[in-house]
>>> print(open('structure.csv').read())   # CSV, C-alpha atoms
chain,number,residue,atom,x,y,z
A,4,MET,CA,0.0,0.0,0.0
A,5,ALA,CA,1.3,3.4,-1.0
A,6,LEU,CA,2.2,5.7,2.0
A,7,PRO,CA,0.4,9.0,2.2
A,8,ARG,CA,2.2,12.4,2.2
A,9,SER,CA,2.2,14.4,5.4
A,10,LYS,CA,-0.8,16.8,5.8
A,11,LEU,CA,-0.5,20.1,3.9
A,12,PRO,CA,-1.7,23.0,6.0
A,13,ASN,CA,-3.9,25.8,4.7
A,14,THR,CA,-1.8,28.5,6.2
A,15,LEU,CA,-1.7,30.6,3.0
A,16,GLU,CA,-5.5,30.4,2.5
A,17,ARG,CA,-6.1,31.4,6.1
A,18,THR,CA,-3.7,34.3,5.8
A,19,LEU,CA,-5.4,35.6,2.6
A,20,LYS,CA,-8.8,35.4,4.3
A,21,MET,CA,-7.4,37.3,7.3
A,22,GLN,CA,-6.0,40.1,5.1
A,23,LYS,CA,-9.2,40.3,3.1
A,24,ALA,CA,-11.2,40.5,6.3
A,25,SER,CA,-8.9,43.2,7.6
A,26,THR,CA,-9.2,45.2,4.4
A,27,SER,CA,-13.0,45.0,4.5
A,28,SER,CA,-13.1,45.9,8.1
A,29,ARG,CA,-11.0,49.0,7.5
A,30,SER,CA,-13.2,50.1,4.5
A,31,THR,CA,-16.3,49.8,6.6
A,32,SER,CA,-14.7,51.7,9.4
A,33,ARG,CA,-13.8,54.6,7.1
A,34,ALA,CA,-17.2,54.7,5.5
A,35,SER,CA,-19.1,54.8,8.8
A,36,ASN,CA,-16.5,56.8,10.7
A,37,ALA,CA,-16.8,54.4,13.5
A,38,SER,CA,-14.4,52.0,15.2
A,39,SER,CA,-14.6,48.4,14.0
A,40,GLN,CA,-14.1,45.2,15.9
A,41,ALA,CA,-11.4,43.1,14.4
A,42,THR,CA,-12.0,39.4,13.9
A,43,ASP,CA,-9.9,36.9,15.9
A,44,GLU,CA,-7.3,36.5,13.2
A,45,ALA,CA,-7.3,40.1,12.1
A,46,VAL,CA,-7.0,41.7,15.6
A,47,HIS,CA,-3.4,42.6,14.9
A,48,VAL,CA,-4.4,45.2,12.3
A,49,SER,CA,-6.3,47.5,14.6
A,50,ALA,CA,-6.6,51.2,13.8
A,51,ASP,CA,-4.0,51.9,16.5
A,52,SER,CA,-1.2,53.8,14.7
A,53,ASP,CA,1.4,52.1,16.8
A,54,ALA,CA,0.3,48.6,15.6
A,55,HIS,CA,3.0,46.7,13.7
A,56,PRO,CA,2.3,44.7,10.5
A,57,VAL,CA,1.5,41.0,10.9
A,58,TYR,CA,2.5,39.3,7.7
A,59,ASP,CA,0.6,36.0,8.2
A,60,VAL,CA,-1.3,33.9,10.7
A,61,ARG,CA,2.0,32.4,12.0
A,62,HIS,CA,2.8,35.7,13.8
A,63,PRO,CA,4.8,36.4,15.9
A,64,THR,CA,7.2,33.4,16.0
A,65,TYR,CA,6.3,32.3,12.5
A,66,ILE,CA,6.2,28.6,13.5
A,67,GLY,CA,4.2,26.7,10.9
A,68,GLU,CA,1.2,24.4,11.1
A,69,TRP,CA,2.6,21.5,9.1
A,70,GLU,CA,3.3,18.0,10.4
A,71,SER,CA,6.8,16.5,10.4
A,72,SER,CA,7.4,13.7,7.9
A,73,VAL,CA,8.1,10.3,9.4
A,74,PRO,CA,10.0,7.5,7.6
A,75,TYR,CA,7.8,4.4,6.9
A,76,VAL,CA,4.7,6.5,7.7
A,77,HIS,CA,4.9,9.2,5.0
A,78,SER,CA,5.9,9.0,1.4
A,79,ASN,CA,7.9,12.2,1.1
A,80,ILE,CA,9.4,15.1,3.1
A,81,ALA,CA,7.0,17.4,5.0
A,82,ARG,CA,5.5,20.3,3.0
A,83,ASP,CA,4.2,23.8,3.7
A,84,ASP,CA,2.2,26.2,1.7
A,85,MET,CA,3.9,29.4,2.9
A,86,ASP,CA,7.2,31.1,2.4
A,87,GLU,CA,10.2,30.5,4.6
A,88,PRO,CA,9.7,32.2,7.9
A,89,HIS,CA,12.9,34.2,8.6
A,90,LEU,CA,12.3,37.4,6.6
A,91,LYS,CA,9.0,37.9,8.4
A,92,ARG,CA,10.6,36.9,11.7
A,93,LYS,CA,13.2,39.6,11.2
A,94,HIS,CA,10.7,42.3,10.6
A,95,ALA,CA,8.6,41.2,13.6
A,96,ILE,CA,11.7,41.1,15.9
A,97,LEU,CA,12.9,44.5,14.6
A,98,ASP,CA,9.4,46.0,15.2
A,99,ALA,CA,9.7,44.9,18.9
A,100,HIS,CA,13.5,45.4,19.2
A,101,PRO,CA,14.8,48.0,16.7
A,102,GLU,CA,18.0,48.2,18.7
A,103,ILE,CA,19.1,44.9,17.2
A,104,LYS,CA,20.1,46.8,14.1
A,105,ASP,CA,23.0,48.3,16.1
A,106,LEU,CA,24.5,44.8,16.0
A,107,TYR,CA,25.0,44.9,12.2
A,108,ALA,CA,28.7,44.8,11.7
A,109,THR,CA,31.8,42.9,10.6
A,110,GLU,CA,34.1,41.0,13.0
A,111,TRP,CA,37.7,42.0,12.8
A,112,ARG,CA,39.0,39.0,14.7
A,113,THR,CA,37.7,36.5,12.1
A,114,LYS,CA,40.7,37.0,9.7
A,115,TYR,CA,43.2,36.3,12.5
A,116,ILE,CA,41.3,33.2,13.4
A,117,ILE,CA,41.6,32.1,9.8
A,118,PHE,CA,45.4,32.6,9.7
A,119,ALA,CA,45.8,30.7,13.0
A,120,LEU,CA,43.7,27.8,11.8
A,121,VAL,CA,45.6,27.5,8.5
A,122,ALA,CA,48.9,27.7,10.2
A,123,THR,CA,48.0,25.0,12.6
A,124,GLN,CA,46.7,22.6,9.9
A,125,VAL,CA,49.8,23.2,7.7
A,126,THR,CA,52.0,22.5,10.7
A,127,MET,CA,50.2,19.3,11.5
A,128,ALA,CA,50.3,18.1,7.9
A,129,TYR,CA,54.0,18.8,7.7
A,130,SER,CA,54.6,17.1,11.1
A,131,PHE,CA,52.9,13.9,9.9
A,132,GLY,CA,54.3,14.0,6.4
A,133,ALA,CA,57.9,15.1,6.8
A,134,GLY,CA,58.4,16.3,10.4
A,135,ARG,CA,58.7,14.8,13.8
A,136,PHE,CA,55.6,12.5,13.4
A,137,ALA,CA,56.6,11.2,9.9
A,138,ASP,CA,57.3,7.8,11.3
A,139,ALA,CA,54.4,7.7,13.8
A,140,HIS,CA,52.0,4.7,13.5
A,141,TRP,CA,49.1,5.4,11.1
A,142,GLY,CA,46.7,5.1,14.0
A,143,TRP,CA,48.1,8.3,15.5
A,144,LEU,CA,47.6,10.0,12.2
A,145,VAL,CA,44.0,9.0,12.1
A,146,LEU,CA,43.4,10.0,15.7
A,147,ALA,CA,45.0,13.4,15.2
A,148,SER,CA,43.0,13.9,12.0
A,149,TYR,CA,39.8,13.3,14.0
A,150,VAL,CA,40.5,15.0,17.3
A,151,LEU,CA,42.5,18.0,16.1
A,152,GLY,CA,42.1,18.1,12.3
A,153,GLY,CA,38.4,17.4,12.3
A,154,THR,CA,37.8,20.1,14.9
A,155,ILE,CA,39.8,22.7,12.9
A,156,THR,CA,38.0,21.7,9.8
A,157,SER,CA,34.6,22.2,11.5
A,158,VAL,CA,35.8,25.7,12.5
A,159,PHE,CA,37.0,26.3,8.9
A,160,GLY,CA,33.3,25.7,8.0
A,161,VAL,CA,32.3,28.4,10.3
A,162,VAL,CA,34.7,31.1,9.1
A,163,ILE,CA,34.0,30.2,5.4
A,164,HIS,CA,30.4,30.8,6.3
A,165,GLU,CA,31.2,34.2,7.8
A,166,CYS,CA,33.1,35.1,4.7
A,167,ALA,CA,30.2,34.0,2.5
A,168,HIS,CA,28.0,36.6,4.3
A,169,ASN,CA,30.8,39.3,4.0
A,170,LEU,CA,31.1,39.4,7.8
A,171,ALA,CA,34.9,39.1,8.1
A,172,HIS,CA,35.6,42.4,6.3
A,173,ALA,CA,33.6,45.3,4.8
A,174,SER,CA,34.9,44.4,1.3
A,175,ALA,CA,33.2,41.5,-0.6
A,176,PHE,CA,36.5,41.0,-2.5
A,177,VAL,CA,38.5,40.6,0.7
A,178,ASN,CA,35.9,38.2,2.0
A,179,ARG,CA,36.3,36.0,-1.1
A,180,CYS,CA,40.0,36.1,-0.7
A,181,LEU,CA,39.8,35.1,2.9
A,182,GLY,CA,37.6,32.2,1.9
A,183,LEU,CA,40.4,31.1,-0.4
A,184,VAL,CA,42.9,31.4,2.5
A,185,CYS,CA,40.6,29.1,4.5
A,186,ASN,CA,40.7,26.6,1.6
A,187,ILE,CA,44.4,26.1,2.1
A,188,GLY,CA,43.5,24.0,5.1
A,189,LEU,CA,40.9,21.9,3.0
A,190,VAL,CA,41.8,19.6,0.2
A,191,PHE,CA,38.6,20.3,-1.8
A,192,PRO,CA,37.6,23.6,-3.3
A,193,ILE,CA,34.8,24.5,-1.0
A,194,ALA,CA,34.8,28.3,-0.2
A,195,SER,CA,33.5,29.8,-3.4
A,196,SER,CA,30.9,27.2,-4.2
A,197,PHE,CA,29.7,27.3,-0.6
A,198,ARG,CA,29.2,31.0,-0.8
A,199,ARG,CA,27.1,30.7,-4.0
A,200,TYR,CA,24.9,27.8,-2.8
A,201,HIS,CA,24.6,28.9,0.8
A,202,LEU,CA,23.2,32.4,-0.2
A,203,GLU,CA,20.7,30.6,-2.4
A,204,HIS,CA,19.7,28.5,0.7
A,205,HIS,CA,18.9,31.6,2.6
A,206,THR,CA,16.8,33.0,-0.2
A,207,PHE,CA,14.9,29.8,-1.0
A,208,GLN,CA,15.0,27.9,2.2
A,209,GLY,CA,13.1,24.6,1.7
A,210,VAL,CA,12.1,25.5,-1.9
A,211,HIS,CA,12.2,22.4,-4.1
A,212,GLY,CA,14.8,22.7,-6.9
A,213,LYS,CA,16.3,25.9,-5.5
A,214,ASP,CA,17.5,25.1,-1.9
A,215,PRO,CA,20.7,23.1,-2.3
A,216,ASP,CA,20.6,22.2,1.4
A,217,LEU,CA,17.6,19.9,0.9
A,218,PRO,CA,18.5,16.2,0.8
A,219,LEU,CA,18.0,14.7,-2.7
A,220,ASP,CA,15.1,12.2,-3.1
A,221,ILE,CA,17.6,9.3,-3.4
A,222,GLU,CA,19.1,10.1,0.0
A,223,TRP,CA,15.9,9.9,2.1
A,224,LYS,CA,14.4,7.1,0.0
A,225,LEU,CA,17.5,4.8,0.4
A,226,VAL,CA,18.2,5.7,4.1
A,227,ALA,CA,14.6,6.1,5.5
A,228,GLY,CA,14.8,5.3,9.2
A,229,ASN,CA,17.3,2.5,9.2
A,230,ARG,CA,19.9,3.1,11.9
A,231,PHE,CA,22.9,1.7,10.1
A,232,ALA,CA,22.0,3.6,6.9
A,233,LYS,CA,21.6,6.8,8.9
A,234,PHE,CA,25.1,6.3,10.5
A,235,MET,CA,26.6,5.8,7.0
A,236,TRP,CA,24.7,8.8,5.8
A,237,VAL,CA,26.2,11.0,8.5
A,238,PHE,CA,29.6,9.4,7.9
A,239,CYS,CA,29.5,10.1,4.2
A,240,PHE,CA,28.0,13.6,4.6
A,241,PRO,CA,31.1,15.4,3.0
A,242,PHE,CA,30.4,13.5,-0.2
A,243,LEU,CA,26.7,14.2,-0.1
A,244,TYR,CA,27.3,17.9,0.5
A,245,VAL,CA,29.3,18.0,-2.8
A,246,PHE,CA,26.9,15.7,-4.6
A,247,ARG,CA,23.9,18.0,-3.9
A,248,GLY,CA,25.6,21.0,-5.4
A,249,ALA,CA,26.6,19.0,-8.5
A,250,ALA,CA,23.0,17.8,-8.8
A,251,MET,CA,21.9,21.4,-9.3
A,252,GLN,CA,23.8,21.2,-12.7
A,253,LYS,CA,24.9,24.8,-12.7
A,254,SER,CA,27.8,26.1,-14.7
A,255,PRO,CA,30.8,27.1,-12.5
A,256,GLN,CA,31.2,30.8,-11.8
A,257,THR,CA,34.5,32.6,-12.2
A,258,TRP,CA,35.4,32.5,-8.5
A,259,GLU,CA,34.6,28.8,-8.4
A,260,ILE,CA,37.1,28.2,-11.2
A,261,VAL,CA,39.6,30.3,-9.3
A,262,ASN,CA,38.9,28.2,-6.2
A,263,TRP,CA,39.6,25.0,-8.1
A,264,ILE,CA,42.9,26.3,-9.5
A,265,TRP,CA,43.9,27.6,-6.1
A,266,THR,CA,43.1,24.4,-4.3
A,267,ILE,CA,44.8,22.1,-6.8
A,268,GLY,CA,47.9,24.3,-6.4
A,269,CYS,CA,47.7,24.0,-2.6
A,270,ASP,CA,47.2,20.3,-2.8
A,271,TYR,CA,50.2,19.9,-5.0
A,272,ALA,CA,52.3,21.9,-2.6
A,273,PHE,CA,51.2,19.7,0.3
A,274,TRP,CA,52.1,16.6,-1.8
A,275,HIS,CA,55.5,18.1,-2.6
A,276,PHE,CA,56.5,19.2,0.8
A,277,THR,CA,54.6,16.7,3.1
A,278,GLY,CA,54.2,13.7,0.9
A,279,ALA,CA,51.2,11.3,0.9
A,280,ARG,CA,50.9,11.2,4.7
A,281,GLY,CA,50.6,14.9,5.0
A,282,LEU,CA,48.0,15.0,2.3
A,283,LEU,CA,46.2,12.1,3.9
A,284,TYR,CA,46.1,14.0,7.2
A,285,MET,CA,44.4,16.9,5.4
A,286,PHE,CA,41.9,14.6,3.6
A,287,LEU,CA,40.9,12.7,6.8
A,288,SER,CA,40.5,16.0,8.6
A,289,LEU,CA,38.1,17.2,6.0
A,290,TRP,CA,36.2,13.9,6.0
A,291,PHE,CA,35.8,13.7,9.8
A,292,GLY,CA,35.2,17.4,10.3
A,293,TYR,CA,32.2,17.4,7.9
A,294,GLY,CA,31.0,14.0,8.9
A,295,ILE,CA,30.6,12.0,12.1
A,296,HIS,CA,32.0,14.6,14.4
A,297,PRO,CA,30.4,16.7,17.2
A,298,GLY,CA,31.5,19.8,15.4
A,299,ALA,CA,29.5,18.8,12.3
A,300,ALA,CA,26.3,18.0,14.3
A,301,HIS,CA,25.0,21.5,13.4
A,302,PHE,CA,24.3,20.2,9.9
A,303,ILE,CA,21.6,18.1,11.4
A,304,GLN,CA,20.7,20.5,14.2
A,305,GLU,CA,19.9,23.4,11.9
A,306,HIS,CA,17.0,22.2,9.7
A,307,TYR,CA,16.0,18.6,10.4
A,308,THR,CA,12.6,18.7,11.9
A,309,PHE,CA,12.5,17.4,15.5
A,310,VAL,CA,9.1,18.9,16.2
A,311,ASP,CA,6.1,19.8,14.0
A,312,GLY,CA,5.9,23.2,12.5
A,313,GLN,CA,9.5,24.3,13.1
A,314,GLU,CA,12.1,24.1,10.3
A,315,THR,CA,15.1,25.9,11.9
A,316,TYR,CA,16.7,25.2,15.3
A,317,SER,CA,19.4,26.8,17.4
A,318,TYR,CA,21.8,25.0,19.7
A,319,TYR,CA,22.6,26.6,23.0
A,320,GLY,CA,25.4,24.7,24.6
A,321,SER,CA,29.1,24.9,25.4
A,322,GLY,CA,30.2,23.9,21.9
A,323,ASN,CA,29.4,27.4,20.7
A,324,GLY,CA,32.5,28.7,22.5
A,325,LEU,CA,34.8,26.6,20.4
A,326,TYR,CA,32.8,26.7,17.2
A,327,MET,CA,32.2,30.5,17.1
A,328,ASN,CA,28.5,30.4,17.9
A,329,ILE,CA,27.6,28.4,14.9
A,330,GLY,CA,24.7,26.9,17.0
A,331,PHE,CA,22.8,30.2,17.0
A,332,HIS,CA,21.1,29.3,13.7
A,333,ASN,CA,17.7,30.9,14.1
A,334,GLU,CA,19.4,34.0,15.1
A,335,HIS,CA,21.7,33.8,12.0
A,336,HIS,CA,18.8,33.2,9.6
A,337,ASP,CA,16.8,36.0,11.1
A,338,PHE,CA,19.8,38.5,10.9
A,339,THR,CA,22.4,37.5,8.3
A,340,LYS,CA,24.2,40.9,8.7
A,341,ILE,CA,25.2,40.1,12.3
A,342,PRO,CA,28.6,38.3,12.8
A,343,TRP,CA,29.2,35.3,14.9
A,344,SER,CA,30.5,37.2,17.9
A,345,LYS,CA,27.2,39.1,18.4
A,346,LEU,CA,24.6,36.3,17.7
A,347,PRO,CA,24.1,35.6,21.5
A,348,GLU,CA,23.1,39.2,22.0
A,349,ILE,CA,20.1,38.8,19.6
A,350,ARG,CA,18.7,36.1,21.9
A,351,ARG,CA,19.4,38.2,25.0
A,352,LEU,CA,17.6,41.2,23.5
A,353,ALA,CA,14.6,39.3,22.1
A,354,PRO,CA,14.1,36.1,24.3
A,355,GLU,CA,10.4,35.9,23.5
A,356,PHE,CA,11.3,35.0,19.9
A,357,TYR,CA,13.9,32.4,20.8
A,358,ASP,CA,13.3,30.9,24.2
A,359,THR,CA,9.7,30.1,23.3
A,360,ILE,CA,10.5,27.8,20.4
A,361,ALA,CA,12.3,24.4,20.3
A,362,TYR,CA,16.1,24.4,20.5
A,363,HIS,CA,18.9,21.9,21.2
A,364,THR,CA,21.4,21.8,24.1
A,365,SER,CA,23.6,18.9,23.1
A,366,TRP,CA,25.2,18.1,19.8
A,367,PHE,CA,26.0,14.6,20.9
A,368,LYS,CA,22.3,14.1,21.6
A,369,VAL,CA,21.4,15.5,18.2
A,370,ILE,CA,23.6,12.9,16.5
A,371,PHE,CA,22.4,10.1,18.8
A,372,ASP,CA,18.7,10.9,18.4
A,373,PHE,CA,18.9,11.3,14.7
A,374,ILE,CA,20.6,7.9,14.2
A,375,TRP,CA,18.8,6.0,16.9
A,376,HIS,CA,15.2,7.1,16.7
A,377,ASP,CA,13.2,5.6,13.8
A,378,HIS,CA,11.0,8.6,13.3
A,379,LEU,CA,14.0,10.8,12.3
A,380,GLY,CA,16.1,10.6,9.2
A,381,PRO,CA,17.1,12.5,6.0
A,382,GLN,CA,13.4,12.6,5.3
A,383,SER,CA,12.9,14.8,8.3
A,384,ARG,CA,12.9,18.1,6.4
A,385,LEU,CA,10.4,20.6,5.1
A,386,GLY,CA,9.9,21.5,1.5
A,387,ARG,CA,7.7,24.0,-0.3
A,388,ASP,CA,6.8,24.8,-3.9
A,389,PHE,CA,8.3,27.9,-5.5
A,390,GLU,CA,4.8,29.3,-6.2
A,391,ASP,CA,3.7,28.9,-2.6
A,392,HIS,CA,6.9,30.6,-1.5
A,393,LYS,CA,6.2,33.6,-3.8
A,394,ASN,CA,2.6,33.8,-2.7
A,395,GLY,CA,3.6,33.7,0.9
A,396,ARG,CA,6.1,36.5,0.3
A,397,ALA,CA,3.4,38.6,-1.4
A,398,THR,CA,1.5,38.8,2.0
A,399,ILE,CA,4.3,41.2,3.2
A,400,ALA,CA,3.3,43.9,0.8
A,401,THR,CA,-0.4,43.5,1.7
A,402,ALA,CA,0.3,43.7,5.4
A,403,ARG,CA,2.4,46.8,5.1
A,404,LYS,CA,-0.4,48.4,3.0
A,405,LEU,CA,-2.9,47.6,5.7
A,406,LYS,CA,-0.6,49.2,8.3
A,407,ARG,CA,-0.2,52.4,6.2
A,408,ASP,CA,-4.0,52.6,5.6
>>> encode(input="structure.csv", output="structure tokens")
Amino acid sequence: MALPRSKLPNTLERTLKMQKASTSSRSTSRASNASSQATDEAVHVSADSDAHPVYDVRHPTYIGEWESSVPYVHSNIARDDMDEPHLKRKHAILDAHPEIKDLYATEWRTKYIIFALVATQVTMAYSFGAGRFADAHWGWLVLASYVLGGTITSVFGVVIHECAHNLAHASAFVNRCLGLVCNIGLVFPIASSFRRYHLEHHTFQGVHGKDPDLPLDIEWKLVAGNRFAKFMWVFCFPFLYVFRGAAMQKSPQTWEIVNWIWTIGCDYAFWHFTGARGLLYMFLSLWFGYGIHPGAAHFIQEHYTFVDGQETYSYYGSGNGLYMNIGFHNEHHDFTKIPWSKLPEIRRLAPEFYDTIAYHTSWFKVIFDFIWHDHLGPQSRLGRDFEDHKNGRATIATARKLKRD
């Protein structure tokens, strides 16, 4: 028997009815020169001049009404009929806390962190390839690649992410160059392609065919809720990350070509000066740091649906200290112009928007729960059609017009 899809909510329909009722209520009020009583779902658009726009019925946290998709129960990932929530969340939060705009900035320390990380990785690769650990047992190389190299690689992911959003320097060109510097410590050309596809992820979160962060159909169909398959899926995540981008079938841009040439040159230099062992250390560091590693748990934490209606999750735990606040993911999606060092301040200023929704406190538990529990898997994501995304976005203009009127 074919499995059903998870239930599609009627959030967009209810929002359009709400806005239509609000428009009619205001027209009647002007004609009769009398105050009108708002309906339950239109109460937010009162005649009070201090009222803030409410963009759809998910206000104020913009948590959806969809049901999570469960392996072996549903036939596809979960679906919504509205746009991604973060643009509307940003406006709602700024209406309540305009002072958050003061946090918009770049972080001058990021570039020095990049140089320190690269220097450490290059030193370790040389040590295992041609230096004091050149004759060490291969087991020590693997252990160092996981414990130190994997950790550094995970932090590379954070600083590349900062550069992608132009948060390491005021100049976009300098940010791109800093991304290439990061890529010295990685054996695959990641920085420029990540910038391209990650910015598309922010614009089209969850949109089928446009969000490169969504698992491909073949991933969740093959893995489903099988524990061993989920472990292997997490272990092979570095390959899947590249595979998804390739599946978009887009021609490489100039900076991506530059990144390829740069990285091939760096890899040749590692081979020449550190030999196969040094290059192996770099490869294993990349594989572990983007795979089965606590520093990579944020890949699951961020958008895999642990509860109904919520498609983005933050992590509030001690790992944020080492990994530059990468766990503050709702905060980041809400405010992409705020650097890593100031993300906790967003939550402090607007706790009613963050402490009232689900969040994680342990990356180890994220990995364990994802692999062990049958109701979670690569299928635990939310998708939306592009037309629904556009129609949901259109409610912003309507809400602002209602506020002006």
>>> closest_residue(input="structure.csv", among="A:Ile66, A:Leu120, A:Ile329, A:Val73", to="Ala361 in chain A", atoms="all atoms listed in the file")
A:Ile66
>>> atom_distance(input="structure.csv", atom1="CA of Trp263 in chain A", atom2="CA of Phe191 in chain A")
7.9 Å
>>> residues_around(input="structure.csv", residues="Glu87 in chain A", least_positions_apart="3", cutoff="10 Å", atoms="only C-alpha atoms", output="PyMOL selection string")
chain A and resi 65-67+83-84+90-92+205-210+314-315+385-387+391-393+395-396
>>> residues_around(input="structure.csv", residues="Val245 in chain A", least_positions_apart="6", cutoff="12 Å", atoms="all atoms listed in the file", output="list of chain:residue names")
A:Phe191, A:Pro192, A:Ile193, A:Ala194, A:Ser196, A:Phe197, A:Tyr200, A:Pro215, A:Asp216, A:Pro218, A:Leu219, A:Cys239, A:Met251, A:Gln252, A:Trp290, A:Tyr293
>>> closest_residue(input="structure.csv", among="A:Phe373, A:Gly278, A:Ala147, A:Leu346", to="Gly324 in chain A", atoms="all atoms listed in the file")
A:Leu346
>>> closest_residue(input="structure.csv", among="A:Ser321, A:Ser71, A:Ser157, A:Ser148", to="Phe309 in chain A", atoms="only C-alpha atoms")
A:Ser71
>>> closest_residue(input="structure.csv", among="A:Ala402, A:Cys269, A:Ala95, A:Leu151", to="Gln124 in chain A", atoms="only C-alpha atoms")
A:Leu151
>>> residues_around(input="structure.csv", residues="Ile370 in chain A", least_positions_apart="6", cutoff="10 Å", atoms="all atoms listed in the file", output="PyMOL selection string")
chain A and resi 233-234+237+295-297+299-304
>>> closest_residue(input="structure.csv", among="A:Leu283, A:Ala397, A:Val76, A:Ile349", to="Leu379 in chain A", atoms="only C-alpha atoms")
A:Val76
>>> closest_residue(input="structure.csv", among="A:His376, A:His211, A:Arg199, A:His275", to="Phe231 in chain A", atoms="all atoms listed in the file")
A:His376
>>> atom_distance(input="structure.csv", atom1="CA of Asp311 in chain A", atom2="CA of Glu70 in chain A")
4.9 Å
>>> residues_around(input="structure.csv", residues="Ala122 in chain A", least_positions_apart="2", cutoff="12 Å", atoms="only C-alpha atoms", output="PyMOL selection string")
chain A and resi 115-120+124-129+152+155+184-188
>>> write_last_selection(input="structure.csv", atoms="C-alpha atoms", output="short mmCIF file (atom, residue, chain, number, x, y, z; two decimals), in the coordinates of the input")
data_model
loop_
_atom_site.label_atom_id
_atom_site.label_comp_id
_atom_site.auth_asym_id
_atom_site.auth_seq_id
_atom_site.Cartn_x
_atom_site.Cartn_y
_atom_site.Cartn_z
CA TYR A 115 43.20 36.30 12.50
CA ILE A 116 41.30 33.20 13.40
CA ILE A 117 41.60 32.10 9.80
CA PHE A 118 45.40 32.60 9.70
CA ALA A 119 45.80 30.70 13.00
CA LEU A 120 43.70 27.80 11.80
CA GLN A 124 46.70 22.60 9.90
CA VAL A 125 49.80 23.20 7.70
CA THR A 126 52.00 22.50 10.70
CA MET A 127 50.20 19.30 11.50
CA ALA A 128 50.30 18.10 7.90
CA TYR A 129 54.00 18.80 7.70
CA GLY A 152 42.10 18.10 12.30
CA ILE A 155 39.80 22.70 12.90
CA VAL A 184 42.90 31.40 2.50
CA CYS A 185 40.60 29.10 4.50
CA ASN A 186 40.70 26.60 1.60
CA ILE A 187 44.40 26.10 2.10
CA GLY A 188 43.50 24.00 5.10
#
>>> atom_distance(input="structure.csv", atom1="CA of Tyr316 in chain A", atom2="CA of Thr401 in chain A")
28.5 Å
>>> residues_around(input="structure.csv", residues="Asn229 in chain A", least_positions_apart="6", cutoff="12 Å", atoms="only C-alpha atoms", output="tab-separated table (two decimals) with C-alpha atoms, in the frame of the given file")
chain	number	residue	atom	x	y	z
A	74	PRO	CA	10.00	7.50	7.60
A	75	TYR	CA	7.80	4.40	6.90
A	223	TRP	CA	15.90	9.90	2.10
A	235	MET	CA	26.60	5.80	7.00
A	236	TRP	CA	24.70	8.80	5.80
A	373	PHE	CA	18.90	11.30	14.70
A	374	ILE	CA	20.60	7.90	14.20
A	375	TRP	CA	18.80	6.00	16.90
A	376	HIS	CA	15.20	7.10	16.70
A	377	ASP	CA	13.20	5.60	13.80
A	378	HIS	CA	11.00	8.60	13.30
A	379	LEU	CA	14.00	10.80	12.30
A	380	GLY	CA	16.10	10.60	9.20
A	381	PRO	CA	17.10	12.50	6.00
A	382	GLN	CA	13.40	12.60	5.30
>>> axis_aligned_box(input="structure.csv", around="range 305-309 of chain A", padding_each_side="6 Å", output="lines of an AutoDock Vina configuration file")
center_x = 16.2
center_y = 20.4
center_z = 12.6
size_x = 19.4
size_y = 18.0
size_z = 17.8
